[in-house]
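*Asks:* Structure file coords.pdb (PDB, C-alpha atoms (C1' of nucleotides)) right here:
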ATOM      1  CA  MET A  20      -2.045 -12.429  -0.558
ATOM      2  CA  ALA A  21      -2.365  -8.906  -1.849
ATOM      3  CA  ILE A  22       0.555  -7.388  -3.655
ATOM      4  CA  SER A  23       1.658  -3.929  -2.668
ATOM      5  CA  GLU A  24       2.054  -0.848  -4.759
ATOM      6  CA  ALA A  25       5.819  -1.103  -5.083
ATOM      7  CA  GLU A  26       5.451  -4.731  -6.004
ATOM      8  CA  ALA A  27       2.914  -3.793  -8.650
ATOM      9  CA  VAL A  28       5.486  -1.534 -10.280
ATOM     10  CA  VAL A  29       7.676  -4.579 -10.793
ATOM     11  CA  MET A  30       4.751  -6.650 -12.013
ATOM     12  CA  ASN A  31       3.952  -3.983 -14.552
ATOM     13  CA  VAL A  32       7.320  -4.485 -16.176
ATOM     14  CA  LEU A  33       6.763  -8.206 -16.365
ATOM     15  CA  TRP A  34       3.280  -7.790 -17.716
ATOM     16  CA  ARG A  35       4.598  -5.713 -20.547
ATOM     17  CA  GLU A  36       7.143  -8.376 -21.401
ATOM     18  CA  ALA A  37       8.443 -11.488 -19.722
ATOM     19  CA  PRO A  38      10.658 -13.053 -18.710
ATOM     20  CA  HIS A  39      13.089 -10.504 -17.383
ATOM     21  CA  THR A  40      16.132 -10.597 -15.153
ATOM     22  CA  ALA A  41      16.356  -8.533 -12.000
ATOM     23  CA  GLU A  42      18.888  -6.354 -13.725
ATOM     24  CA  GLU A  43      16.576  -5.581 -16.608
ATOM     25  CA  ILE A  44      13.771  -4.724 -14.265
ATOM     26  CA  LEU A  45      16.047  -2.435 -12.325
ATOM     27  CA  ALA A  46      17.099  -0.730 -15.548
ATOM     28  CA  GLU A  47      13.481  -0.181 -16.437
ATOM     29  CA  VAL A  48      12.089   1.122 -13.174
ATOM     30  CA  GLY A  49      15.104   2.090 -11.073
ATOM     31  CA  PRO A  50      15.634   5.549 -12.510
ATOM     32  CA  ALA A  51      11.974   6.543 -12.425
ATOM     33  CA  GLN A  52      11.386   5.183  -8.930
ATOM     34  CA  GLY A  53      14.758   6.060  -7.516
ATOM     35  CA  TRP A  54      15.303   2.443  -6.573
ATOM     36  CA  GLN A  55      18.547   0.575  -6.267
ATOM     37  CA  GLU A  56      19.384  -2.996  -6.894
ATOM     38  CA  GLY A  57      18.576  -4.344  -3.452
ATOM     39  CA  THR A  58      15.146  -2.833  -3.567
ATOM     40  CA  VAL A  59      14.171  -4.588  -6.756
ATOM     41  CA  LYS A  60      15.632  -7.868  -5.493
ATOM     42  CA  SER A  61      13.629  -7.611  -2.309
ATOM     43  CA  LEU A  62      10.454  -6.895  -4.191
ATOM     44  CA  LEU A  63      11.074  -9.848  -6.466
ATOM     45  CA  ASN A  64      11.587 -12.068  -3.476
ATOM     46  CA  ARG A  65       8.384 -10.950  -1.890
ATOM     47  CA  LEU A  66       6.571 -11.552  -5.155
ATOM     48  CA  LEU A  67       8.057 -15.031  -5.242
ATOM     49  CA  ARG A  68       6.868 -15.728  -1.746
ATOM     50  CA  LYS A  69       3.430 -14.499  -2.722
ATOM     51  CA  LYS A  70       3.493 -16.733  -5.800
ATOM     52  CA  ALA A  71       2.904 -13.757  -8.025
ATOM     53  CA  VAL A  72       5.957 -14.544 -10.122
ATOM     54  CA  ARG A  73       8.096 -17.562 -10.750
ATOM     55  CA  ALA A  74      11.846 -17.648 -11.269
ATOM     56  CA  GLU A  75      13.739 -19.916 -13.555
ATOM     57  CA  ARG A  76      17.471 -20.241 -13.281
ATOM     58  CA  ASP A  77      19.453 -19.109 -16.266
ATOM     59  CA  GLY A  78      23.122 -19.570 -15.583
ATOM     60  CA  ARG A  79      24.031 -17.332 -12.719
ATOM     61  CA  ARG A  80      20.859 -15.318 -12.686
ATOM     62  CA  TYR A  81      17.120 -15.855 -12.716
ATOM     63  CA  LEU A  82      14.479 -15.102 -15.240
ATOM     64  CA  TYR A  83      11.267 -13.883 -13.693
ATOM     65  CA  THR A  84       7.870 -14.537 -15.194
ATOM     66  CA  PRO A  85       4.508 -13.412 -13.847
ATOM     67  CA  LEU A  86       2.156 -16.029 -12.465
ATOM     68  CA  LEU A  87      -0.512 -13.579 -11.405
ATOM     69  CA  THR A  88      -1.965 -12.132 -14.580
ATOM     70  CA  ARG A  89      -2.620  -8.488 -15.102
ATOM     71  CA  GLN A  90      -6.261  -9.363 -15.613
ATOM     72  CA  GLN A  91      -6.433 -10.976 -12.210
ATOM     73  CA  TYR A  92      -4.696  -8.118 -10.501
ATOM     74  CA  VAL A  93      -6.757  -5.456 -12.203
ATOM     75  CA  SER A  94      -9.936  -7.297 -11.358
ATOM     76  CA  GLN A  95      -9.041  -7.638  -7.696
ATOM     77  CA  GLU A  96      -8.034  -4.040  -7.328
ATOM     78  CA  SER A  97     -10.943  -2.589  -9.224
ATOM     79  CA  LYS A  98     -13.455  -4.737  -7.464
ATOM     80  CA  GLY A  99     -11.957  -3.748  -4.136
ATOM     81  CA  LEU A 100     -12.313  -0.077  -4.899
ATOM     82  CA  LEU A 101     -15.786  -0.416  -6.315
ATOM     83  CA  ASP A 102     -16.946  -2.420  -3.340
ATOM     84  CA  ARG A 103     -15.477  -0.001  -0.863
ATOM     85  CA  LEU A 104     -16.676   3.151  -2.518
ATOM     86  CA  PHE A 105     -19.488   2.541  -4.928
ATOM     87  CA  GLY A 106     -21.502  -0.359  -3.656
ATOM     88  CA  GLY A 107     -19.697  -2.667  -6.045
ATOM     89  CA  ARG A 108     -21.100  -1.045  -9.158
ATOM     90  CA  VAL A 109     -19.475   0.652 -12.078
ATOM     91  CA  ALA A 110     -22.023   3.287 -13.019
ATOM     92  CA  PRO A 111     -21.720   5.267  -9.778
ATOM     93  CA  LEU A 112     -17.986   5.541 -10.291
ATOM     94  CA  VAL A 113     -18.452   6.919 -13.766
ATOM     95  CA  ALA A 114     -21.067   9.263 -12.400
ATOM     96  CA  HIS A 115     -18.595  10.473  -9.825
ATOM     97  CA  PHE A 116     -16.059  11.300 -12.498
ATOM     98  CA  SER A 117     -18.700  12.908 -14.578
ATOM     99  CA  GLU A 118     -19.741  15.170 -11.735
ATOM    100  CA  GLN A 119     -16.147  16.085 -11.124
ATOM    101  CA  ARG A 120     -15.799  16.927 -14.807
ATOM    102  CA  LYS A 121     -13.083  14.366 -15.095
ATOM    103  CA  LEU A 122     -14.383  12.606 -18.154
ATOM    104  CA  SER A 123     -12.318  13.506 -21.178
ATOM    105  CA  LYS A 124     -13.839  13.776 -24.624
ATOM    106  CA  LYS A 125     -11.997  10.629 -25.450
ATOM    107  CA  ASP A 126     -13.518   8.861 -22.464
ATOM    108  CA  ILE A 127     -16.971   9.903 -23.490
ATOM    109  CA  ALA A 128     -16.461   8.821 -27.064
ATOM    110  CA  GLU A 129     -15.137   5.464 -25.956
ATOM    111  CA  LEU A 130     -17.958   4.931 -23.536
ATOM    112  CA  ARG A 131     -20.472   5.650 -26.276
ATOM    113  CA  LYS A 132     -18.809   3.154 -28.530
ATOM    114  CA  LEU A 133     -18.692   0.581 -25.787
ATOM    115  CA  LEU A 134     -22.386   0.889 -25.080
ATOM    116  CA  LYS A 135     -23.209   0.680 -28.729
ATOM    117  CA  GLU A 136     -21.270  -2.537 -29.014
ATOM    118  CA  LEU A 137     -23.085  -3.956 -26.060
ATOM    119  CA  ASP A 138     -26.261  -3.293 -27.980
ATOM    120  CA  ASP A 139     -25.168  -5.401 -30.863
ATOM    121  CA  GLU A 140     -24.715  -8.552 -28.879
TER     122      GLU A 140
ATOM    123  CA  MET B  21      -1.870  11.648   4.852
ATOM    124  CA  ALA B  22      -3.695   8.707   3.377
ATOM    125  CA  ILE B  23      -6.367   7.062   5.445
ATOM    126  CA  SER B  24      -6.353   3.306   5.677
ATOM    127  CA  GLU B  25      -9.069   0.849   4.869
ATOM    128  CA  ALA B  26     -10.137   0.275   8.449
ATOM    129  CA  GLU B  27     -10.205   4.007   8.989
ATOM    130  CA  ALA B  28     -12.375   4.391   5.914
ATOM    131  CA  VAL B  29     -14.950   2.076   7.467
ATOM    132  CA  VAL B  30     -15.294   4.535  10.321
ATOM    133  CA  MET B  31     -15.410   7.473   7.950
ATOM    134  CA  ASN B  32     -18.204   5.813   6.052
ATOM    135  CA  VAL B  33     -20.378   5.883   9.108
ATOM    136  CA  LEU B  34     -19.701   9.557   9.614
ATOM    137  CA  TRP B  35     -20.322  10.349   6.001
ATOM    138  CA  ARG B  36     -23.720   8.779   6.194
ATOM    139  CA  GLU B  37     -24.555  10.894   9.209
ATOM    140  CA  ALA B  38     -22.623  13.082  11.602
ATOM    141  CA  PRO B  39     -21.811  13.766  14.284
ATOM    142  CA  HIS B  40     -21.600  10.464  16.070
ATOM    143  CA  THR B  41     -20.124   9.249  19.320
ATOM    144  CA  ALA B  42     -17.563   6.460  19.431
ATOM    145  CA  GLU B  43     -20.205   4.234  20.932
ATOM    146  CA  GLU B  44     -22.606   4.797  18.074
ATOM    147  CA  ILE B  45     -19.904   4.075  15.558
ATOM    148  CA  LEU B  46     -19.022   0.895  17.363
ATOM    149  CA  ALA B  47     -22.655  -0.149  17.368
ATOM    150  CA  GLU B  48     -22.826   0.418  13.656
ATOM    151  CA  VAL B  49     -19.663  -1.286  12.480
ATOM    152  CA  GLY B  50     -18.524  -3.451  15.381
ATOM    153  CA  PRO B  51     -20.705  -6.449  14.667
ATOM    154  CA  ALA B  52     -20.035  -6.524  10.940
ATOM    155  CA  GLN B  53     -16.293  -6.003  11.324
ATOM    156  CA  GLY B  54     -15.868  -7.971  14.491
ATOM    157  CA  TRP B  55     -14.337  -4.947  16.154
ATOM    158  CA  GLN B  56     -14.337  -4.101  19.810
ATOM    159  CA  GLU B  57     -14.409  -0.798  21.501
ATOM    160  CA  GLY B  58     -10.675  -0.228  21.641
ATOM    161  CA  THR B  59     -10.350  -0.744  17.956
ATOM    162  CA  VAL B  60     -12.831   1.943  17.066
ATOM    163  CA  LYS B  61     -11.275   4.325  19.582
ATOM    164  CA  SER B  62      -7.853   3.785  18.079
ATOM    165  CA  LEU B  63      -9.110   4.365  14.595
ATOM    166  CA  LEU B  64     -10.821   7.553  15.679
ATOM    167  CA  ASN B  65      -7.611   8.758  17.242
ATOM    168  CA  ARG B  66      -5.635   8.081  14.129
ATOM    169  CA  LEU B  67      -8.264   9.906  12.110
ATOM    170  CA  LEU B  68      -7.959  12.830  14.485
ATOM    171  CA  ARG B  69      -4.199  12.890  14.077
ATOM    172  CA  LYS B  70      -4.661  12.813  10.328
ATOM    173  CA  LYS B  71      -7.169  15.673  10.572
ATOM    174  CA  ALA B  72      -9.781  13.573   8.821
ATOM    175  CA  VAL B  73     -12.283  14.115  11.619
ATOM    176  CA  ARG B  74     -12.743  16.583  14.408
ATOM    177  CA  ALA B  75     -14.037  15.921  17.889
ATOM    178  CA  GLU B  76     -16.169  18.159  19.963
ATOM    179  CA  ARG B  77     -16.672  17.514  23.617
ATOM    180  CA  ASP B  78     -20.182  16.708  24.719
ATOM    181  CA  GLY B  79     -20.234  16.049  28.414
ATOM    182  CA  ARG B  80     -18.195  13.018  29.087
ATOM    183  CA  ARG B  81     -17.822  11.937  25.508
ATOM    184  CA  TYR B  82     -16.921  13.354  22.137
ATOM    185  CA  LEU B  83     -18.923  13.896  19.021
ATOM    186  CA  TYR B  84     -16.988  13.140  15.892
ATOM    187  CA  THR B  85     -17.544  14.942  12.612
ATOM    188  CA  PRO B  86     -15.759  14.356   9.337
ATOM    189  CA  LEU B  87     -13.402  17.004   8.052
ATOM    190  CA  LEU B  88     -12.298  15.075   5.021
ATOM    191  CA  THR B  89     -15.309  14.876   2.733
ATOM    192  CA  ARG B  90     -16.408  11.744   1.024
ATOM    193  CA  GLN B  91     -15.945  13.526  -2.275
ATOM    194  CA  GLN B  92     -12.322  14.214  -1.488
ATOM    195  CA  TYR B  93     -11.634  10.698  -0.375
ATOM    196  CA  VAL B  94     -13.404   9.087  -3.290
ATOM    197  CA  SER B  95     -11.560  11.333  -5.714
ATOM    198  CA  GLN B  96      -8.181  10.491  -4.248
ATOM    199  CA  GLU B  97      -8.786   6.793  -4.203
ATOM    200  CA  SER B  98     -10.341   6.559  -7.623
ATOM    201  CA  LYS B  99      -7.686   8.680  -9.211
ATOM    202  CA  GLY B 100      -5.012   6.537  -7.593
ATOM    203  CA  LEU B 101      -6.495   3.369  -9.000
ATOM    204  CA  LEU B 102      -7.086   4.801 -12.441
ATOM    205  CA  ASP B 103      -3.571   6.164 -12.608
ATOM    206  CA  ARG B 104      -2.015   2.931 -11.501
ATOM    207  CA  LEU B 105      -4.063   0.640 -13.694
ATOM    208  CA  PHE B 106      -5.716   2.467 -16.526
ATOM    209  CA  GLY B 107      -3.466   5.302 -17.545
ATOM    210  CA  GLY B 108      -5.584   7.703 -15.534
ATOM    211  CA  ARG B 109      -8.649   7.289 -17.724
ATOM    212  CA  VAL B 110     -12.164   6.105 -16.994
ATOM    213  CA  ALA B 111     -13.147   4.423 -20.239
ATOM    214  CA  PRO B 112     -10.538   1.659 -20.036
ATOM    215  CA  LEU B 113     -11.811   0.734 -16.603
ATOM    216  CA  VAL B 114     -15.343   0.433 -17.852
ATOM    217  CA  ALA B 115     -14.040  -1.569 -20.795
ATOM    218  CA  HIS B 116     -12.322  -3.910 -18.390
ATOM    219  CA  PHE B 117     -15.541  -4.545 -16.547
ATOM    220  CA  SER B 118     -17.386  -4.948 -19.757
ATOM    221  CA  GLU B 119     -14.958  -7.586 -20.963
ATOM    222  CA  GLN B 120     -15.274  -9.383 -17.679
ATOM    223  CA  ARG B 121     -19.049  -9.324 -18.036
ATOM    224  CA  LYS B 122     -19.269  -7.413 -14.826
ATOM    225  CA  LEU B 123     -21.578  -4.696 -16.026
ATOM    226  CA  SER B 124     -25.043  -5.217 -14.670
ATOM    227  CA  LYS B 125     -28.133  -4.257 -16.631
ATOM    228  CA  LYS B 126     -28.586  -1.478 -14.176
ATOM    229  CA  ASP B 127     -25.060  -0.251 -14.784
ATOM    230  CA  ILE B 128     -25.631  -0.217 -18.500
ATOM    231  CA  ALA B 129     -28.907   1.606 -18.184
ATOM    232  CA  GLU B 130     -27.355   4.194 -15.918
ATOM    233  CA  LEU B 131     -24.394   4.697 -18.153
ATOM    234  CA  ARG B 132     -26.706   5.273 -21.106
ATOM    235  CA  LYS B 133     -28.634   7.828 -19.170
ATOM    236  CA  LEU B 134     -25.474   9.524 -18.024
ATOM    237  CA  LEU B 135     -24.157   9.864 -21.529
ATOM    238  CA  LYS B 136     -27.464  11.168 -22.756
ATOM    239  CA  GLU B 137     -27.423  13.837 -20.092
ATOM    240  CA  LEU B 138     -23.929  14.843 -21.088
ATOM    241  CA  ASP B 139     -25.327  15.402 -24.533
ATOM    242  CA  ASP B 140     -27.885  17.868 -23.307
ATOM    243  CA  GLU B 141     -25.396  20.220 -21.758
TER     244      GLU B 141
ATOM    245  C1'  DC C  16      42.810 -23.678  -6.954
ATOM    246  C1'  DA C  17      42.236 -18.948  -4.857
ATOM    247  C1'  DC C  18      40.234 -14.439  -5.774
ATOM    248  C1'  DG C  19      37.403 -11.122  -7.231
ATOM    249  C1'  DA C  20      33.092 -10.141  -9.494
ATOM    250  C1'  DT C  21      28.229 -11.058  -9.853
ATOM    251  C1'  DC C  22      23.984 -12.431  -8.360
ATOM    252  C1'  DA C  23      20.607 -13.786  -5.063
ATOM    253  C1'  DA C  24      19.077 -14.517  -0.197
ATOM    254  C1'  DT C  25      18.960 -12.919   4.423
ATOM    255  C1'  DT C  26      18.658  -9.481   7.618
ATOM    256  C1'  DA C  27      17.556  -4.753   8.958
ATOM    257  C1'  DC C  28      14.966  -0.997  10.246
ATOM    258  C1'  DA C  29      11.665   2.736  10.473
ATOM    259  C1'  DG C  30       6.982   3.779   9.656
ATOM    260  C1'  DG C  31       2.034   2.292   8.768
ATOM    261  C1'  DT C  32      -1.946  -1.004   9.948
ATOM    262  C1'  DG C  33      -5.109  -3.934  12.348
ATOM    263  C1'  DT C  34      -6.346  -5.013  16.592
ATOM    264  C1'  DA C  35      -6.617  -4.385  21.098
ATOM    265  C1'  DA C  36      -5.135  -4.267  26.435
ATOM    266  C1'  DA C  37      -3.868  -1.211  29.930
ATOM    267  C1'  DC C  38      -4.069   3.092  31.953
ATOM    268  C1'  DA C  39      -5.989   7.670  33.018
ATOM    269  C1'  DT C  40      -9.672  10.665  33.906
ATOM    270  C1'  DA C  41     -13.913  12.514  34.837
ATOM    271  C1'  DA C  42     -18.721  12.122  36.143
ATOM    272  C1'  DC C  43     -22.368   9.896  38.797
ATOM    273  C1'  DA C  44     -24.329   7.365  42.516
ATOM    274  C1'  DC C  45     -24.391   6.723  47.021
TER     275       DC C  45
ATOM    276  C1'  DG D   3     -15.972  12.348  49.129
ATOM    277  C1'  DT D   4     -15.044   7.634  47.463
ATOM    278  C1'  DG D   5     -15.739   3.935  44.530
ATOM    279  C1'  DT D   6     -17.599   2.465  40.220
ATOM    280  C1'  DT D   7     -18.562   3.340  35.521
ATOM    281  C1'  DA D   8     -18.065   5.367  31.104
ATOM    282  C1'  DT D   9     -14.870   7.430  28.019
ATOM    283  C1'  DG D  10     -10.879   8.642  25.975
ATOM    284  C1'  DT D  11      -5.501   8.233  25.715
ATOM    285  C1'  DT D  12      -1.365   5.616  25.698
ATOM    286  C1'  DT D  13       1.026   1.702  24.871
ATOM    287  C1'  DA D  14       1.562  -2.821  22.641
ATOM    288  C1'  DC D  15       2.541  -6.003  19.276
ATOM    289  C1'  DA D  16       2.728  -8.622  15.175
ATOM    290  C1'  DC D  17       2.636  -8.123  10.330
ATOM    291  C1'  DC D  18       3.190  -5.399   5.983
ATOM    292  C1'  DT D  19       5.887  -1.915   3.267
ATOM    293  C1'  DG D  20       9.510   0.701   1.358
ATOM    294  C1'  DT D  21      14.072   0.736   1.080
ATOM    295  C1'  DA D  22      18.178  -0.985   1.397
ATOM    296  C1'  DA D  23      22.968  -3.060   3.615
ATOM    297  C1'  DT D  24      25.042  -7.269   4.550
ATOM    298  C1'  DT D  25      26.036 -11.858   3.795
ATOM    299  C1'  DG D  26      26.349 -15.929   1.050
ATOM    300  C1'  DA D  27      26.890 -18.583  -3.049
ATOM    301  C1'  DT D  28      28.645 -19.208  -7.624
ATOM    302  C1'  DC D  29      31.229 -18.453 -11.793
ATOM    303  C1'  DG D  30      34.945 -16.989 -14.585
ATOM    304  C1'  DT D  31      39.884 -15.751 -14.529
ATOM    305  C1'  DG D  32      44.698 -15.972 -13.731
TER     306       DG D  32
END
Could you quickly redo this structure as structure tokens?
*Replies:*
Amino acid sequence: MAISEAEAVVMNVLWREAPHTAEEILAEVGPAQGWQEGTVKSLLNRLLRKKAVRAERDGRRYLYTPLLTRQQYVSQESKGLLDRLFGGRVAPLVAHFSEQRKLSKKDIAELRKLLKELDDE
Amino acid sequence: MAISEAEAVVMNVLWREAPHTAEEILAEVGPAQGWQEGTVKSLLNRLLRKKAVRAERDGRRYLYTPLLTRQQYVSQESKGLLDRLFGGRVAPLVAHFSEQRKLSKKDIAELRKLLKELDDE
DNA sequence: CACGATCAATTACAGGTGTAAACATAACAC
DNA sequence: GTGTTATGTTTACACCTGTAATTGATCGTG
């Protein structure tokens, strides 16, 4: 089942470092998102139900670890967008950003490097 | 207000060619999506409420025309994804696809061409 | 052992979505 | 003009989301 945007915020914390307790996650995202304890707990529960994380008891609390990998999530999401908007292909998306002048110098440099490396294989 | 995925399917028809009647839209997407008449009508109404399309009476029916442009929609959606997953930048997304071996030959060729053109400006 | 503190689990609730059924209205055919 | 047909509008309804408040379980403390 797809994980929602709010849920992804929680996953992001766990992808950076795991395991974490609910409290730690709250400390990390609560302020920025304006979330309270119950919110994070709910999101964790939904992620559990969706098998995106697993919880392991540690005394009175739980330690949460991601089951869904960031790779998997990123792939799903990107593919979804590409399929919906660009016929499933990458180049048209880059072209779109290029037309909109949204490619930074850094982007361009990195893309050049990337293509060069592809050459060498 | 954001338009949903099902709504985007309808918009896609109108972006290809407009205006269209509800019936024509149904004919185009109904079979593929397994949608019936009521579904398309509802989606059109929600799009009207969201000011994403406008309707112009034509005898007994309406002709629907997009107000939200494909450009606008694509920009919103792509930016959202990039911000959420790739720090708002294009190159990391392409890198992701490259790592996953999801760049087709055609993609690579087009990207090369694109970068070359950027050079010439 | 009873009590408060600390967590997690359950329940809540409004708003969005997917998917229509039901209802209203207007035009056309007789 | 009245009934049928073609359209659009309203209402429905279950599920997902964001965001908690409430309830329940457990642990440490006196």
*Asks:* Give the residues of chain B that lie within 10 Å of chain D; count all atoms listed in the file, and format the answer as a ChimeraX atom specification.
*Replies:* /B:42-43,58,61-62,65,80-82
*Asks:* Take atom CA of Arg90 of chain B and atom CA of Asn32 of chain B and report the distance between them in Å, one decimal.
*Replies:*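 Result for atom CA of Arg90 of chain B versus atom CA of Asn32 of chain B: 8.0 Å, one decimal.
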*Asks:* Enumerate, as a PyMOL selection string, the residues matched when the PyMOL selection byres ((chain A and resi 121-126) around 10) is run on the file above.
*Replies:* (chain A and resi 113-120+127-132) or (chain B and resi 95+99+109-112+114)
*Asks:* Please return the superposed copy of chain B as a CSV table (one decimal) with C-alpha atoms, keeping the file's coordinate frame; the fit should be least squares onto chain A across all sequentially paired Cα atoms.
*Replies:*
chain,number,residue,atom,x,y,z
B,21,MET,CA,-2.0,-12.6,-0.5
B,22,ALA,CA,-2.4,-9.1,-1.7
B,23,ILE,CA,0.5,-7.5,-3.5
B,24,SER,CA,1.6,-4.1,-2.6
B,25,GLU,CA,2.0,-1.0,-4.6
B,26,ALA,CA,5.7,-1.2,-5.0
B,27,GLU,CA,5.4,-4.8,-5.9
B,28,ALA,CA,2.8,-3.9,-8.6
B,29,VAL,CA,5.3,-1.6,-10.2
B,30,VAL,CA,7.6,-4.6,-10.8
B,31,MET,CA,4.7,-6.7,-12.0
B,32,ASN,CA,3.8,-4.0,-14.5
B,33,VAL,CA,7.1,-4.5,-16.1
B,34,LEU,CA,6.6,-8.2,-16.3
B,35,TRP,CA,3.1,-7.9,-17.7
B,36,ARG,CA,4.4,-5.7,-20.5
B,37,GLU,CA,6.9,-8.4,-21.4
B,38,ALA,CA,8.3,-11.5,-19.8
B,39,PRO,CA,10.5,-13.0,-18.8
B,40,HIS,CA,12.9,-10.4,-17.5
B,41,THR,CA,16.0,-10.5,-15.3
B,42,ALA,CA,16.2,-8.4,-12.1
B,43,GLU,CA,18.7,-6.2,-13.9
B,44,GLU,CA,16.4,-5.4,-16.7
B,45,ILE,CA,13.6,-4.6,-14.3
B,46,LEU,CA,15.9,-2.3,-12.4
B,47,ALA,CA,16.8,-0.6,-15.6
B,48,GLU,CA,13.2,-0.1,-16.5
B,49,VAL,CA,11.8,1.2,-13.2
B,50,GLY,CA,14.9,2.2,-11.1
B,51,PRO,CA,15.3,5.7,-12.5
B,52,ALA,CA,11.7,6.6,-12.4
B,53,GLN,CA,11.1,5.2,-8.9
B,54,GLY,CA,14.5,6.1,-7.6
B,55,TRP,CA,15.1,2.5,-6.6
B,56,GLN,CA,18.4,0.7,-6.3
B,57,GLU,CA,19.3,-2.8,-7.0
B,58,GLY,CA,18.5,-4.2,-3.5
B,59,THR,CA,15.0,-2.8,-3.6
B,60,VAL,CA,14.1,-4.5,-6.8
B,61,LYS,CA,15.6,-7.8,-5.5
B,62,SER,CA,13.6,-7.6,-2.3
B,63,LEU,CA,10.4,-6.9,-4.2
B,64,LEU,CA,11.1,-9.8,-6.5
B,65,ASN,CA,11.6,-12.1,-3.5
B,66,ARG,CA,8.4,-11.0,-1.9
B,67,LEU,CA,6.6,-11.6,-5.1
B,68,LEU,CA,8.1,-15.1,-5.2
B,69,ARG,CA,7.0,-15.8,-1.7
B,70,LYS,CA,3.5,-14.6,-2.7
B,71,LYS,CA,3.6,-16.8,-5.8
B,72,ALA,CA,2.9,-13.8,-8.0
B,73,VAL,CA,6.0,-14.6,-10.1
B,74,ARG,CA,8.2,-17.6,-10.8
B,75,ALA,CA,11.9,-17.6,-11.4
B,76,GLU,CA,13.8,-19.8,-13.7
B,77,ARG,CA,17.5,-20.1,-13.5
B,78,ASP,CA,19.5,-18.9,-16.5
B,79,GLY,CA,23.1,-19.3,-15.8
B,80,ARG,CA,24.1,-17.1,-13.0
B,81,ARG,CA,20.8,-15.2,-12.9
B,82,TYR,CA,17.1,-15.8,-12.9
B,83,LEU,CA,14.4,-15.0,-15.4
B,84,TYR,CA,11.2,-13.9,-13.8
B,85,THR,CA,7.8,-14.5,-15.2
B,86,PRO,CA,4.5,-13.5,-13.8
B,87,LEU,CA,2.1,-16.1,-12.4
B,88,LEU,CA,-0.5,-13.7,-11.3
B,89,THR,CA,-2.0,-12.3,-14.5
B,90,ARG,CA,-2.7,-8.6,-15.0
B,91,GLN,CA,-6.4,-9.5,-15.4
B,92,GLN,CA,-6.5,-11.1,-12.0
B,93,TYR,CA,-4.8,-8.3,-10.3
B,94,VAL,CA,-6.8,-5.6,-12.0
B,95,SER,CA,-10.0,-7.4,-11.2
B,96,GLN,CA,-9.1,-7.7,-7.5
B,97,GLU,CA,-8.1,-4.1,-7.2
B,98,SER,CA,-11.0,-2.7,-9.1
B,99,LYS,CA,-13.5,-4.8,-7.3
B,100,GLY,CA,-12.0,-3.8,-4.0
B,101,LEU,CA,-12.3,-0.1,-4.8
B,102,LEU,CA,-15.8,-0.4,-6.2
B,103,ASP,CA,-17.0,-2.4,-3.2
B,104,ARG,CA,-15.5,0.1,-0.7
B,105,LEU,CA,-16.7,3.2,-2.4
B,106,PHE,CA,-19.5,2.6,-4.9
B,107,GLY,CA,-21.5,-0.2,-3.6
B,108,GLY,CA,-19.7,-2.6,-5.9
B,109,ARG,CA,-21.1,-1.0,-9.1
B,110,VAL,CA,-19.4,0.7,-12.0
B,111,ALA,CA,-21.9,3.4,-13.0
B,112,PRO,CA,-21.6,5.3,-9.8
B,113,LEU,CA,-17.9,5.6,-10.3
B,114,VAL,CA,-18.3,6.9,-13.8
B,115,ALA,CA,-20.9,9.3,-12.4
B,116,HIS,CA,-18.4,10.5,-9.9
B,117,PHE,CA,-15.9,11.3,-12.5
B,118,SER,CA,-18.5,12.9,-14.6
B,119,GLU,CA,-19.5,15.2,-11.8
B,120,GLN,CA,-15.9,16.1,-11.2
B,121,ARG,CA,-15.5,16.9,-14.9
B,122,LYS,CA,-12.8,14.3,-15.1
B,123,LEU,CA,-14.1,12.5,-18.2
B,124,SER,CA,-12.0,13.4,-21.2
B,125,LYS,CA,-13.5,13.6,-24.7
B,126,LYS,CA,-11.7,10.5,-25.4
B,127,ASP,CA,-13.3,8.7,-22.5
B,128,ILE,CA,-16.7,9.8,-23.5
B,129,ALA,CA,-16.1,8.7,-27.1
B,130,GLU,CA,-14.9,5.3,-25.9
B,131,LEU,CA,-17.7,4.9,-23.6
B,132,ARG,CA,-20.2,5.6,-26.3
B,133,LYS,CA,-18.6,3.1,-28.6
B,134,LEU,CA,-18.5,0.5,-25.8
B,135,LEU,CA,-22.2,0.9,-25.1
B,136,LYS,CA,-23.0,0.7,-28.8
B,137,GLU,CA,-21.1,-2.6,-29.0
B,138,LEU,CA,-23.0,-4.0,-26.1
B,139,ASP,CA,-26.1,-3.3,-28.1
B,140,ASP,CA,-25.0,-5.4,-31.0
B,141,GLU,CA,-24.5,-8.5,-29.0
*Asks:* Using only C-alpha atoms (C1' of nucleotides), select each residue of chain C with any atom at most 9 Å away from an atom of chain A, and give the selection as JSON, numbers by chain.
*Replies:* {"C": [21, 22, 23, 24]}
*Asks:* Limited to C-alpha atoms (C1' of nucleotides), could you put the picked residues into a file as a CSV table (one decimal), keeping the file's coordinate frame?
*Replies:*
chain,number,residue,atom,x,y,z
C,21,DT,C1',28.2,-11.1,-9.9
C,22,DC,C1',24.0,-12.4,-8.4
C,23,DA,C1',20.6,-13.8,-5.1
C,24,DA,C1',19.1,-14.5,-0.2
*Asks:* Work out how far atom CA of Pro85 of chain A is from atom CA of Trp54 of chain A, in Å to one decimal.
*Replies:*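 Taking atom CA of Trp54 of chain A and atom CA of Pro85 of chain A, their separation equals 20.5 Å.
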*Asks:* Between B:Thr85, B:Ser98, B:Gln92, B:Ser24, which has the minimum distance to chain A (counting all atoms listed in the file)?
*Replies:* B:Ser98
*Asks:* Find the residues near Gln53 of chain B: any atom within 12 Å, counting all atoms listed in the file, skip ones fewer than 4 places away on the same chain, and give them as a list in words.
*Replies:*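 Returned residues: Glu25, Ala26, Glu27, Val29, Val30, Ile45, Leu46, Ala47, Glu48, Val49, Glu57, Thr59 and Val60 of chain B; DG33 and DT34 of chain C.
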